[in-house]
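First comes the structure, then the notes that go with it.
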Amino acid sequence: MPQSILMRWFCRLYLVMLYAYPREFRLQFGGEMQQLFRDRCRQMTRTPGRWHWLRFAMQSAADWVSTMFQERMAAVRDITVQDCANKTFQVVRTVWSAGRKTQPRGFVSEWAMTLIVFLFATTTLVQAYVVPTGSMEGTVMIGDHMLVDRVTYSNPGSWGSHLLPYRDVQRGDIVCFHYPEDIRQIYVKRVIGIPGDRIHMENKQVVRNGRHLRESYTQHIDPRLDPYRDNFPQAPGWGTTALGREMLANNVRDGELIVPPGRLFVMGDNRENSEDSRYWGLVPRDYVVGTPVLIYWSYDAPTADLTNWSLDHVVDVMAHFFTKTRWNRTLMVPRTQQAEVVQ
Amino acid sequence: MSKPPPPEELLPLTPPVFHILLALAEEERHGYGIMQDVAGQTNDALQLGPGTLYGCLKRMLAAGMVEESDVRPDPALDDERRRYYRMTALGHRVVRAEAQRLAGAVSAAKARRLFDRPRAGVTRGA
């Protein structure tokens with residue numbers, strides 16, 4: 001059955017790739033394109049030989065890159081009505097189609113395009129990031145290598161916000177951000193409180209703006225009650241940092257934390273084993289890097305190896321790539337989950 | 001409804017569009033059916049990827065050359081995501097005009113004896 005596994009992989013990958021197309025186009029044809037791709041894969045499984053899979057993969061990638069550009073440009077043309085934008089588009093299209101009419105774009109130019117897109121994408125749109133600690137265990141595991149979407153939360157100004165899929169941080173979002181106590185480190189947690197929210201905890205349960213939350217995404221590993229950890233912000237004591245104490249001094253009123261403007265209150269899903277806003281305070285909105293969009297590789301390795309690649313780790317990866325890779329998590333899309341309000 | 005443009009304005013068609021219209025000339029087909037038929041027409045030389053196929057269909061729908069069909073020929077094999085496409089009267093005129101244009105080009109090529117066995121030395125320089 002190796003071919004059917006390969007096929008499932010291709011289809012999963014293609015589903016992710018569909019997101020490169022403009023939204024309108026995806027909504028209109030996405031389902032059909034996925035279906036067509038699956039049919040095509042099925043047809044491939046009936047053809048003997050091994051190399052045709054590689055050929056098929058390259059054909060599909062080339063198809064994806066070129067049509068993605070075409071549709072994106074068509075979408076831009078539809079939005080902007082100003083003359084100057086039209087002219088820019090025409091110039092781009094002339095250049096684009098000029099190269100195509102005189103000669104069919106060959107193997108090299110197709111892949112050069114892919115590489116350019118890849119470099120552009122990995123530097124400005126997404127960023128690769130590996131999860132080193134278990135504070136989000138259950139949702140995001142140690143050793144998850146993921147791509148972080150840097151566009152969604154970066155306010156591009158009034159003009160760009162119509163072109164880009166921009167939105168502000170919402171409750172329940174998983175975010176990656178610079179750790180306030182040491183901004184060289186990047187942490188990943190879930191947003192519990194946005195500016196204006198009143199937060200406290202009662203016996204491990206979060207109470208937000210007076211309503212108890214039922215959070216399906218959390219994980220509890222320790223049945224004992226810790227007076228501070230599980231009844232935040234009561235009985236402050238052990239484990240808080242300077243910024244944490246500053247938050248407790250300035251932002252707590254009547255036993256509740258009030259999230260000030262421009263800050264976020266975040267917690268790990270692994271509530272009893274998470275150093276989060278309860279201990280080191282609020283995250284400034286500007287420190288947020290983005291939201292994870294895709295776990296592209298999940299590898300079971302200890303924390304130290306993931307932060308510092310040593311020779312041992314390289315050897316370990318080479319020797320155990322197939323056994324230690326968590327295949328069921330690879331190519332997974334982590335999703336924002338909303339907590340239910342109980343009362 | 002505005003008047004449809006004369007077919008000549010849409011010529012020449014790109015190869016994918018022309019072959020898609022050829023595929024729909026016989027009967028209504030869904031995306032995979034079109035793709036298979038195009039591959040058959042061209043001896044597997046033109047394999048339409050999903051992006052190319054649906055990009056073309058989008059523009060052809062906008063130009064009024066094809067339309068979606070409600071007919072479900074075989075409910076047993078059917079998937080609700082599959083949509084069938086049918087050629088419109090305009091599409092028919094366009095593909096005929098394109099075929100005539102190509103036939104003209106082919107006869108011009110014949111007149112210049114391009115279909116004969118190539119003579120040595122003709123293709124290089126001279």
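Going by the structure tokens order, chains are called A, B, ..., each with residues numbered from 1, while ligands are numbered from 1 in the order shown.
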
Quiz item: Once you count only C-alpha atoms, which residues of chain A turn out to be within 8 Å of chain B? Could you give them as a PyMOL selection string?
Solution: chain A and resi 29+31-37+39-40+59-60+63-64+67-68+71

Put those residues in a file: N, CA and C atoms, as a PDB file, in the first residue's frame.
ATOM      1  N   PHE A  29     -13.732  27.147  -7.291  1.00  0.00           N
ATOM      2  CA  PHE A  29     -13.230  25.935  -7.944  1.00  0.00           C
ATOM      3  C   PHE A  29     -12.424  25.005  -7.039  1.00  0.00           C
ATOM      4  N   GLY A  31     -12.917  22.972  -4.529  1.00  0.00           N
ATOM      5  CA  GLY A  31     -13.395  21.604  -4.336  1.00  0.00           C
ATOM      6  C   GLY A  31     -13.184  20.758  -5.574  1.00  0.00           C
ATOM      7  N   GLU A  32     -13.499  21.337  -6.722  1.00  0.00           N
ATOM      8  CA  GLU A  32     -13.348  20.600  -7.977  1.00  0.00           C
ATOM      9  C   GLU A  32     -11.885  20.327  -8.280  1.00  0.00           C
ATOM     10  N   MET A  33     -11.031  21.318  -7.975  1.00  0.00           N
ATOM     11  CA  MET A  33      -9.613  21.142  -8.271  1.00  0.00           C
ATOM     12  C   MET A  33      -9.035  20.013  -7.427  1.00  0.00           C
ATOM     13  N   GLN A  34      -9.481  19.972  -6.178  1.00  0.00           N
ATOM     14  CA  GLN A  34      -9.023  18.917  -5.282  1.00  0.00           C
ATOM     15  C   GLN A  34      -9.465  17.552  -5.805  1.00  0.00           C
ATOM     16  N   GLN A  35     -10.727  17.520  -6.240  1.00  0.00           N
ATOM     17  CA  GLN A  35     -11.289  16.288  -6.797  1.00  0.00           C
ATOM     18  C   GLN A  35     -10.511  15.843  -8.027  1.00  0.00           C
ATOM     19  N   LEU A  36     -10.225  16.806  -8.901  1.00  0.00           N
ATOM     20  CA  LEU A  36      -9.490  16.500 -10.126  1.00  0.00           C
ATOM     21  C   LEU A  36      -8.110  15.960  -9.786  1.00  0.00           C
ATOM     22  N   PHE A  37      -7.489  16.607  -8.805  1.00  0.00           N
ATOM     23  CA  PHE A  37      -6.149  16.187  -8.411  1.00  0.00           C
ATOM     24  C   PHE A  37      -6.175  14.757  -7.877  1.00  0.00           C
ATOM     25  N   ASP A  39      -8.418  12.423  -8.581  1.00  0.00           N
ATOM     26  CA  ASP A  39      -8.656  11.531  -9.722  1.00  0.00           C
ATOM     27  C   ASP A  39      -7.359  11.265 -10.475  1.00  0.00           C
ATOM     28  N   ARG A  40      -6.604  12.331 -10.639  1.00  0.00           N
ATOM     29  CA  ARG A  40      -5.337  12.229 -11.371  1.00  0.00           C
ATOM     30  C   ARG A  40      -4.376  11.296 -10.623  1.00  0.00           C
ATOM     31  N   GLN A  59       5.133  18.374 -12.785  1.00  0.00           N
ATOM     32  CA  GLN A  59       4.090  18.984 -13.613  1.00  0.00           C
ATOM     33  C   GLN A  59       3.105  19.759 -12.751  1.00  0.00           C
ATOM     34  N   SER A  60       2.696  19.113 -11.650  1.00  0.00           N
ATOM     35  CA  SER A  60       1.699  19.755 -10.779  1.00  0.00           C
ATOM     36  C   SER A  60       2.265  21.018 -10.166  1.00  0.00           C
ATOM     37  N   ASP A  63       2.363  23.729 -12.747  1.00  0.00           N
ATOM     38  CA  ASP A  63       0.991  24.185 -12.986  1.00  0.00           C
ATOM     39  C   ASP A  63       0.550  25.126 -11.870  1.00  0.00           C
ATOM     40  N   TRP A  64       0.884  24.715 -10.650  1.00  0.00           N
ATOM     41  CA  TRP A  64       0.480  25.497  -9.482  1.00  0.00           C
ATOM     42  C   TRP A  64       1.126  26.878  -9.495  1.00  0.00           C
ATOM     43  N   THR A  67      -0.210  29.150 -12.582  1.00  0.00           N
ATOM     44  CA  THR A  67      -1.608  29.583 -12.520  1.00  0.00           C
ATOM     45  C   THR A  67      -1.887  30.391 -11.276  1.00  0.00           C
ATOM     46  N   MET A  68      -1.148  30.107 -10.197  1.00  0.00           N
ATOM     47  CA  MET A  68      -1.319  30.890  -8.983  1.00  0.00           C
ATOM     48  C   MET A  68      -1.006  32.358  -9.274  1.00  0.00           C
ATOM     49  N   GLU A  71      -3.795  33.900 -11.525  1.00  0.00           N
ATOM     50  CA  GLU A  71      -5.039  34.195 -10.816  1.00  0.00           C
ATOM     51  C   GLU A  71      -4.855  35.328  -9.830  1.00  0.00           C
TER      52      GLU A  71
END

Practice problem: Apply DSSP to the backbone of this structure and, from stretch 133-269 of chain A, keep only the residues in helix (DSSP H, G or I); write these as a list in words. | Solution: Gly157, Ser158, Trp159, Gly160, Ser161, His162, Leu163, Ala242, Leu243, Gly244, Arg245, Glu246, Met247, Leu248, Ala249, Asn250 and Asn251 of chain A

Go ahead and dump the residues you just picked, C-alpha atoms, as a CSV table (one decimal), in the first residue's frame.
chain,number,residue,atom,x,y,z
A,157,GLY,CA,-2.1,50.2,6.8
A,158,SER,CA,-5.4,51.1,5.3
A,159,TRP,CA,-4.5,50.4,1.7
A,160,GLY,CA,-2.8,47.1,2.2
A,161,SER,CA,-5.5,45.8,4.5
A,162,HIS,CA,-7.8,45.4,1.6
A,163,LEU,CA,-5.3,43.3,-0.4
A,242,ALA,CA,9.9,41.0,37.5
A,243,LEU,CA,7.4,41.7,34.6
A,244,GLY,CA,4.9,39.2,36.2
A,245,ARG,CA,5.0,41.1,39.5
A,246,GLU,CA,4.7,44.4,37.7
A,247,MET,CA,1.5,43.1,36.0
A,248,LEU,CA,0.1,41.9,39.4
A,249,ALA,CA,0.8,45.3,40.9
A,250,ASN,CA,-0.6,47.5,38.1
A,251,ASN,CA,-3.4,45.5,36.4

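The coordinates place atom CA of A:Pro132 at 8.0 Å from atom CA of A:Pro302.
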
Self-check item: Between atom CA of A:Pro227 and atom CA of A:Gln205, distance in Å (one decimal)
Solution: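 According to the coordinates, atom CA of A:Pro227 and atom CA of A:Gln205 are separated by 12.7 Å.
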